[in-house]
Protein chains: 2
Amino acid sequence: MRYILASASPRRKELLALTGIDFEIIPSSVEEKITKSAPRDVVMELASQKAWDVYGSLPPAGGEDITVIGADTIVAYNGEILGKPADKAEAYDMLSLLADRTHQVYTGVSIIKKKKGATLQNTFYEKTDVTFYPISRQALHVYVESGDPLDKAGAYGIQGPFAIHIKEIHGEYSNVVGLPIGRLYHELGI
Amino acid sequence: MRYILASASPRRKELLALTGIDFEIIPSSVEEKITKSAPRDVVMELASQKAWDVYGSLPPAGGEDITVIGADTIVAYNGEILGKPADKAEAYDMLSLLADRTHQVYTGVSIIKKKKGATLQNTFYEKTDVTFYPISRQALHVYVESGDPLDKAGAYGIQGPFAIHIKEIHGEYSNVVGLPIGRLYHELGI
């Protein structure tokens, strides 16, 4: 079986490596088209688009067995979706909204498997609740100016210096990092 | 303020570094004396012993302000305490017990602070619930034979390849790694 991760995220690469499987990375360059509104539906739709994009770009390969994995992560507060902040000002806004409150992180994962000529798709999502401590203006400034928020949904990375502001989570930790590796490992059936 | 971490654990060192404070490491070599039985009391007692051990070993230093941080982590299932496994056989037993179930990870932290000549102690604990997926005999074998369980309470490390067996947690993630860095950051008042 040839495994392909359809994501350029170094964090997803690290997480998938924990399974011990050998895999390649072919990032999707699909233009995301959102037709859904519920966070769980949005992440599954986008994960599926990424997986099909990469699957469809592969050259026809006879009898080769292939598994393509697509993923998408968003942060939601009160049902409102927060993506990656466009700039530092938006990062301040997002983190001020999330401070001292509980929000949800959704990661959708789509697995497209070609085996013995048949193509099967399995798409699912994981949700993790994340609760922040209150964050002082000074601490917020230090974090936003570090530049860490800019490539991250919800404007924070749980695995770096922002960890000091996390009070608790409920769900899978790796899901917040960007790939629910426990769930994915079990869905892959390896 | 001079900060001292009374632990040789590289994982605790990494977590404390997330706060951005400069600190030294002076591992405690105290012989642990457990007089309590409840997991939360045990980890606070041991954390306190470690902090006092290192604090007491420091040369008298005039008016220098000092903060010493001690920590101890255990795993508990049904109120029974699981420490570090003595060997691979015990690692198998512990992980077989924990598989497909929810257990608790307790970390006790003790902060001893000398400031303007006065000495204050603040000791607390954090609890995180951890739920494992079922684990196949083959997967258990792969993990135990890797040697990863041997220096870890409960015979697993949540931050490495064992992550594929974690279904969910409830509480602070860093607490399971060995130091509840969000709680500690707030207790330090920095």
# chains A, B, ... in the order shown; residues from 1 in each chain; ligands from 1
$ residues_around --residues "Asp151 of chain B" --least-positions-apart "5" --cutoff "9 Å" --atoms "only C-alpha atoms" --output "short mmCIF file (atom, residue, chain, number, x, y, z; two decimals) with C-alpha atoms, in the first residue's frame"
data_model
loop_
_atom_site.label_atom_id
_atom_site.label_comp_id
_atom_site.auth_asym_id
_atom_site.auth_seq_id
_atom_site.Cartn_x
_atom_site.Cartn_y
_atom_site.Cartn_z
CA LYS B 84 7.20 3.41 36.53
CA PRO B 85 7.29 -0.24 35.46
CA ALA B 86 10.23 -2.23 36.81
CA TYR B 156 3.40 5.07 28.44
#
$ residues_around --residues "Ile69 of chain A" --least-positions-apart "6" --cutoff "8 Å" --atoms "only C-alpha atoms" --output "list of chain:residue names"
A:Tyr3, A:Ile4, A:Leu5, A:Ala6, A:Ala51, A:Val109, A:Ser110, A:Ile111, A:Ile112
$ write_last_selection --atoms "N, CA and C atoms" --output "PDB file, in the first residue's frame"
ATOM      1  N   TYR A   3       0.993   5.113   0.761  1.00  0.00           N
ATOM      2  CA  TYR A   3       0.240   6.118   1.526  1.00  0.00           C
ATOM      3  C   TYR A   3       0.678   7.530   1.123  1.00  0.00           C
ATOM      4  N   ILE A   4      -0.305   8.401   0.936  1.00  0.00           N
ATOM      5  CA  ILE A   4      -0.022   9.785   0.550  1.00  0.00           C
ATOM      6  C   ILE A   4      -0.778  10.738   1.482  1.00  0.00           C
ATOM      7  N   LEU A   5      -0.054  11.660   2.091  1.00  0.00           N
ATOM      8  CA  LEU A   5      -0.677  12.704   2.921  1.00  0.00           C
ATOM      9  C   LEU A   5      -0.853  13.949   2.059  1.00  0.00           C
ATOM     10  N   ALA A   6      -2.111  14.382   1.883  1.00  0.00           N
ATOM     11  CA  ALA A   6      -2.411  15.502   0.982  1.00  0.00           C
ATOM     12  C   ALA A   6      -2.341  16.833   1.729  1.00  0.00           C
ATOM     13  N   ALA A  51      -8.446  15.490  -0.545  1.00  0.00           N
ATOM     14  CA  ALA A  51      -8.083  14.106  -0.836  1.00  0.00           C
ATOM     15  C   ALA A  51      -8.365  13.754  -2.299  1.00  0.00           C
ATOM     16  N   VAL A 109     -11.219  14.503   8.383  1.00  0.00           N
ATOM     17  CA  VAL A 109     -10.222  13.656   7.714  1.00  0.00           C
ATOM     18  C   VAL A 109     -10.934  12.846   6.650  1.00  0.00           C
ATOM     19  N   SER A 110     -10.348  12.783   5.474  1.00  0.00           N
ATOM     20  CA  SER A 110     -10.932  11.976   4.411  1.00  0.00           C
ATOM     21  C   SER A 110      -9.878  11.008   3.884  1.00  0.00           C
ATOM     22  N   ILE A 111     -10.239   9.733   3.880  1.00  0.00           N
ATOM     23  CA  ILE A 111      -9.341   8.677   3.412  1.00  0.00           C
ATOM     24  C   ILE A 111      -9.909   8.120   2.113  1.00  0.00           C
ATOM     25  N   ILE A 112      -9.152   8.231   1.026  1.00  0.00           N
ATOM     26  CA  ILE A 112      -9.567   7.602  -0.238  1.00  0.00           C
ATOM     27  C   ILE A 112      -8.608   6.452  -0.508  1.00  0.00           C
TER      28      ILE A 112
END
$ residues_around --residues "Lys114 of chain A" --least-positions-apart "3" --cutoff "10 Å" --atoms "only C-alpha atoms" --output "number ranges by chain"
A: 1-2, 55, 63-68, 111, 117-121
$ write_last_selection --atoms "N, CA, C and O atoms" --output "tab-separated table (two decimals), in the first residue's frame"
chain	number	residue	atom	x	y	z
A	1	MET	N	0.85	-1.21	0.00
A	1	MET	CA	0.00	0.00	0.00
A	1	MET	C	0.89	1.26	0.00
A	1	MET	O	1.79	1.37	0.81
A	2	ARG	N	0.57	2.16	-0.93
A	2	ARG	CA	1.29	3.43	-0.98
A	2	ARG	C	0.44	4.50	-0.28
A	2	ARG	O	-0.70	4.74	-0.68
A	55	TYR	N	-5.75	12.63	-5.16
A	55	TYR	CA	-6.03	11.32	-5.77
A	55	TYR	C	-6.17	11.45	-7.28
A	55	TYR	O	-5.61	10.66	-8.05
A	63	GLY	N	-2.18	-1.68	-11.13
A	63	GLY	CA	-2.79	-2.37	-9.99
A	63	GLY	C	-2.29	-1.87	-8.66
A	63	GLY	O	-2.51	-2.53	-7.65
A	64	GLU	N	-1.63	-0.71	-8.64
A	64	GLU	CA	-1.05	-0.24	-7.37
A	64	GLU	C	-2.14	0.12	-6.35
A	64	GLU	O	-3.09	0.82	-6.68
A	65	ASP	N	-1.96	-0.33	-5.12
A	65	ASP	CA	-2.89	0.05	-4.04
A	65	ASP	C	-2.44	1.38	-3.44
A	65	ASP	O	-1.26	1.56	-3.12
A	66	ILE	N	-3.40	2.29	-3.29
A	66	ILE	CA	-3.08	3.65	-2.85
A	66	ILE	C	-4.05	4.11	-1.77
A	66	ILE	O	-5.25	3.85	-1.86
A	67	THR	N	-3.54	4.80	-0.76
A	67	THR	CA	-4.38	5.47	0.23
A	67	THR	C	-3.99	6.94	0.30
A	67	THR	O	-2.82	7.25	0.53
A	68	VAL	N	-4.95	7.83	0.06
A	68	VAL	CA	-4.70	9.27	0.15
A	68	VAL	C	-5.44	9.81	1.37
A	68	VAL	O	-6.61	9.49	1.59
A	111	ILE	N	-10.24	9.73	3.88
A	111	ILE	CA	-9.34	8.68	3.41
A	111	ILE	C	-9.91	8.12	2.11
A	111	ILE	O	-11.04	7.62	2.09
A	117	GLY	N	-8.37	-2.40	-7.42
A	117	GLY	CA	-9.16	-1.75	-8.47
A	117	GLY	C	-10.39	-1.01	-7.98
A	117	GLY	O	-10.95	-0.18	-8.69
A	118	ALA	N	-10.84	-1.28	-6.72
A	118	ALA	CA	-12.03	-0.59	-6.20
A	118	ALA	C	-11.60	0.66	-5.42
A	118	ALA	O	-10.56	0.66	-4.77
A	119	THR	N	-12.38	1.73	-5.52
A	119	THR	CA	-12.08	2.96	-4.79
A	119	THR	C	-13.12	3.18	-3.70
A	119	THR	O	-14.32	3.18	-3.96
A	120	LEU	N	-12.63	3.35	-2.47
A	120	LEU	CA	-13.52	3.56	-1.33
A	120	LEU	C	-13.13	4.85	-0.63
A	120	LEU	O	-11.95	5.18	-0.51
A	121	GLN	N	-14.13	5.59	-0.14
A	121	GLN	CA	-13.84	6.81	0.62
A	121	GLN	C	-14.44	6.71	2.01
A	121	GLN	O	-15.57	6.22	2.18
$ interface_residues --of "chain B" --to "chain A" --cutoff "12 Å" --atoms "only C-alpha atoms" --output "ChimeraX atom specification"
/B:14-21,126-136,138-139,142-143,158-177,179-190
$ residues_around --residues "Glu80 of chain B" --least-positions-apart "6" --cutoff "10 Å" --atoms "only C-alpha atoms" --output "JSON, numbers by chain"
{"B": [37, 38, 39, 103, 104]}
$ write_last_selection --atoms "N, CA, C and O atoms" --output "JSON list (two decimals), in the first residue's frame"
[["chain", "number", "residue", "atom", "x", "y", "z"],
["B", 37, "SER", "N", -2.12, 8.00, 50.95],
["B", 37, "SER", "CA", -2.60, 6.94, 50.07],
["B", 37, "SER", "C", -3.38, 7.46, 48.87],
["B", 37, "SER", "O", -3.31, 6.88, 47.78],
["B", 38, "ALA", "N", -4.12, 8.57, 49.04],
["B", 38, "ALA", "CA", -4.88, 9.10, 47.90],
["B", 38, "ALA", "C", -3.88, 9.66, 46.87],
["B", 38, "ALA", "O", -2.93, 10.35, 47.24],
["B", 39, "PRO", "N", -4.10, 9.36, 45.58],
["B", 39, "PRO", "CA", -3.16, 9.80, 44.54],
["B", 39, "PRO", "C", -2.83, 11.30, 44.62],
["B", 39, "PRO", "O", -1.67, 11.69, 44.51],
["B", 103, "HIS", "N", -8.30, 6.21, 32.80],
["B", 103, "HIS", "CA", -7.56, 6.31, 34.06],
["B", 103, "HIS", "C", -7.24, 7.78, 34.34],
["B", 103, "HIS", "O", -7.58, 8.66, 33.55],
["B", 104, "GLN", "N", -6.59, 8.01, 35.47],
["B", 104, "GLN", "CA", -6.27, 9.39, 35.86],
["B", 104, "GLN", "C", -4.75, 9.58, 35.93],
["B", 104, "GLN", "O", -4.03, 8.68, 36.38]]
$ atom_distance --atom1 "atom CA of Met94 of chain A" --atom2 "atom CA of Gly154 of chain A"
6.3 Å
$ residues_around --residues "Tyr125 of chain B" --least-positions-apart "5" --cutoff "8 Å" --atoms "only C-alpha atoms" --output "mmCIF file with N, CA, C and O atoms, in the first residue's frame"
data_model
loop_
_atom_site.group_PDB
_atom_site.id
_atom_site.type_symbol
_atom_site.label_atom_id
_atom_site.label_comp_id
_atom_site.auth_asym_id
_atom_site.auth_seq_id
_atom_site.Cartn_x
_atom_site.Cartn_y
_atom_site.Cartn_z
ATOM 1 N N ARG B 40 -3.834 12.144 44.823
ATOM 2 C CA ARG B 40 -3.569 13.588 44.841
ATOM 3 C C ARG B 40 -2.664 13.960 46.006
ATOM 4 O O ARG B 40 -1.812 14.848 45.901
ATOM 5 N N VAL B 43 1.121 12.707 45.211
ATOM 6 C CA VAL B 43 1.930 13.537 44.290
ATOM 7 C C VAL B 43 2.287 14.883 44.916
ATOM 8 O O VAL B 43 3.374 15.419 44.675
ATOM 9 N N MET B 44 1.393 15.423 45.753
ATOM 10 C CA MET B 44 1.734 16.699 46.408
ATOM 11 C C MET B 44 2.816 16.477 47.465
ATOM 12 O O MET B 44 3.734 17.283 47.616
ATOM 13 N N TYR B 106 -2.118 12.169 37.668
ATOM 14 C CA TYR B 106 -1.973 13.237 38.658
ATOM 15 C C TYR B 106 -0.545 13.752 38.622
ATOM 16 O O TYR B 106 0.404 12.962 38.665
ATOM 17 N N THR B 107 -0.393 15.062 38.538
ATOM 18 C CA THR B 107 0.918 15.663 38.773
ATOM 19 C C THR B 107 0.786 16.636 39.936
ATOM 20 O O THR B 107 -0.084 17.510 39.934
ATOM 21 N N GLY B 108 1.627 16.440 40.931
ATOM 22 C CA GLY B 108 1.719 17.388 42.036
ATOM 23 C C GLY B 108 2.858 18.349 41.745
ATOM 24 O O GLY B 108 3.876 17.961 41.176
ATOM 25 N N VAL B 109 2.665 19.606 42.101
ATOM 26 C CA VAL B 109 3.707 20.616 41.905
ATOM 27 C C VAL B 109 3.860 21.390 43.210
ATOM 28 O O VAL B 109 2.864 21.763 43.837
#
$ select_by_dssp --residues "chain A" --states "alpha helix (DSSP H)" --output "ChimeraX atom specification"
/A:10-17,39-57,88-98,137-145,173-177,181-188
$ atom_distance --atom1 "atom CA of Gly157 of chain A" --atom2 "atom CA of Thr123 of chain B"
28.6 Å
$ residues_around --residues "Ser29 of chain B" --least-positions-apart "5" --cutoff "10 Å" --atoms "only C-alpha atoms" --output "list in words"
Ala6, Ser7, Ala8, Gln49, Lys50, Asp53 and Val54 of chain B
